[in-house]
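Chemist: Quick one: the structure is below, and I'll ask about it shortly.
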Amino acid sequence: MNKIFIVSALTLTLVACGSHQAPAYETDKRPEDRGEYTGVAGVVQKQKDQAYMANQANKLRCQDSRLDLVDAEAEGDINMIRQVKARVQKNCVVEN
């Protein structure tokens, strides 16, 4: 009788502990604002968030390079245009 009681108590304790796990990640926040990830689903979401933020940073670098090219072309500085065109090619990678 005591064995059944102990096993039942342990089983209920394990079930109760498992039902109060934290969410995998903060779903109500933007990827830039998330700071806590738990479990496998959290790790997967963290990788997605990091890829998203890297993509956003690349877009900003590309946009800045293109604006610099417009400025260089307006000034007519050929050396600056060459340098900025190289930056545009580096930063504005077009995926097929």
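FYI, nothing fancy with the structure tokens labels: chains A, B, ... in order, residues from 1 per chain, ligands from 1 as they appear.
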Which residues are close to segment 20-24 of chain A, i.e. within 9 Å by only C-alpha atoms, leaving aside same-chain residues fewer than 4 positions away? Reply as a VMD selection string.
Modeler: chain A and resid 16 36 to 43 45
Chemist: Considering only helix (DSSP H, G or I) as DSSP defines it on the backbone, what residues of segment 10-64 of chain A qualify? List them as a PyMOL selection string.
Modeler: chain A and resi 10-18+39-64
Chemist: Could you turn the residues from that selection into a file that holds C-alpha atoms, as a PDB file, in the first residue's frame?
Modeler:
ATOM      1  CA  LEU A  10       5.958  11.004  -7.301  1.00  0.00           C
ATOM      2  CA  THR A  11       3.966  10.701 -10.525  1.00  0.00           C
ATOM      3  CA  LEU A  12       1.670  13.570  -9.584  1.00  0.00           C
ATOM      4  CA  THR A  13       4.668  15.713  -8.614  1.00  0.00           C
ATOM      5  CA  LEU A  14       6.379  15.085 -11.948  1.00  0.00           C
ATOM      6  CA  VAL A  15       3.213  15.822 -13.896  1.00  0.00           C
ATOM      7  CA  ALA A  16       2.603  19.032 -11.946  1.00  0.00           C
ATOM      8  CA  CYS A  17       6.174  20.245 -12.501  1.00  0.00           C
ATOM      9  CA  GLY A  18       5.956  19.559 -16.207  1.00  0.00           C
ATOM     10  CA  GLY A  39      13.889  24.429 -24.978  1.00  0.00           C
ATOM     11  CA  VAL A  40      14.301  23.214 -28.526  1.00  0.00           C
ATOM     12  CA  ALA A  41      11.526  25.438 -29.898  1.00  0.00           C
ATOM     13  CA  GLY A  42      13.222  28.425 -28.261  1.00  0.00           C
ATOM     14  CA  VAL A  43      16.568  27.607 -29.854  1.00  0.00           C
ATOM     15  CA  VAL A  44      14.925  27.294 -33.270  1.00  0.00           C
ATOM     16  CA  GLN A  45      13.181  30.642 -32.814  1.00  0.00           C
ATOM     17  CA  LYS A  46      16.428  32.256 -31.625  1.00  0.00           C
ATOM     18  CA  GLN A  47      18.139  31.161 -34.850  1.00  0.00           C
ATOM     19  CA  LYS A  48      15.255  32.557 -36.888  1.00  0.00           C
ATOM     20  CA  ASP A  49      15.419  35.845 -34.984  1.00  0.00           C
ATOM     21  CA  GLN A  50      19.179  36.110 -35.491  1.00  0.00           C
ATOM     22  CA  ALA A  51      18.797  35.470 -39.230  1.00  0.00           C
ATOM     23  CA  TYR A  52      16.058  38.101 -39.401  1.00  0.00           C
ATOM     24  CA  MET A  53      18.194  40.696 -37.607  1.00  0.00           C
ATOM     25  CA  ALA A  54      21.207  39.951 -39.821  1.00  0.00           C
ATOM     26  CA  ASN A  55      19.014  40.361 -42.895  1.00  0.00           C
ATOM     27  CA  GLN A  56      17.719  43.699 -41.603  1.00  0.00           C
ATOM     28  CA  ALA A  57      21.287  44.909 -40.947  1.00  0.00           C
ATOM     29  CA  ASN A  58      22.285  43.899 -44.489  1.00  0.00           C
ATOM     30  CA  LYS A  59      19.331  45.811 -45.916  1.00  0.00           C
ATOM     31  CA  LEU A  60      20.379  48.934 -44.023  1.00  0.00           C
ATOM     32  CA  ARG A  61      23.998  48.654 -45.215  1.00  0.00           C
ATOM     33  CA  CYS A  62      22.792  48.231 -48.797  1.00  0.00           C
ATOM     34  CA  GLN A  63      20.485  51.209 -48.532  1.00  0.00           C
ATOM     35  CA  ASP A  64      23.257  53.375 -47.075  1.00  0.00           C
TER      36      ASP A  64
END
Chemist: What separation in Å, quoted to one decimal, exists between atom CA of Lys90 of chain A and atom CA of Val70 of chain A?
Modeler: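 Pair atom CA of Lys90 of chain A / atom CA of Val70 of chain A returns 16.4 Å.
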Chemist: Neighbours of Met80 of chain A within 12 Å (only C-alpha atoms; same-chain residues fewer than 4 positions away dropped), as a PDB file with C-alpha atoms, in the first residue's frame?
Modeler:
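Output saved as around25.pdb:
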ATOM      1  CA  SER A  65      25.641  52.312 -49.843  1.00  0.00           C
ATOM      2  CA  ASP A  68      26.273  57.200 -50.875  1.00  0.00           C
ATOM      3  CA  LEU A  69      26.427  56.278 -54.571  1.00  0.00           C
ATOM      4  CA  VAL A  70      23.774  58.854 -55.397  1.00  0.00           C
ATOM      5  CA  ASP A  71      25.775  61.487 -53.488  1.00  0.00           C
ATOM      6  CA  ALA A  72      29.019  60.520 -55.243  1.00  0.00           C
ATOM      7  CA  GLU A  73      27.358  60.649 -58.661  1.00  0.00           C
ATOM      8  CA  ALA A  74      25.900  64.072 -57.845  1.00  0.00           C
ATOM      9  CA  GLU A  75      29.361  65.346 -56.962  1.00  0.00           C
ATOM     10  CA  GLY A  76      30.904  63.758 -60.078  1.00  0.00           C
ATOM     11  CA  VAL A  84      31.027  53.331 -53.538  1.00  0.00           C
ATOM     12  CA  LYS A  85      30.054  51.032 -56.443  1.00  0.00           C
ATOM     13  CA  ALA A  86      32.341  48.383 -54.968  1.00  0.00           C
ATOM     14  CA  ARG A  87      30.584  48.834 -51.601  1.00  0.00           C
TER      15      ARG A  87
END
Chemist: Do you have the atom CA of Asn79 of chain A-atom CA of Arg66 of chain A distance handy?
Modeler: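 Value for the atom CA of Asn79 of chain A-atom CA of Arg66 of chain A distance: 15.7 Å.
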Chemist: Rounded to one decimal place, report the atom CA of Leu67 of chain A-atom CA of Val93 of chain A distance in Å.
Modeler: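 Calculated distance between atom CA of Leu67 of chain A and atom CA of Val93 of chain A is 15.9 Å.
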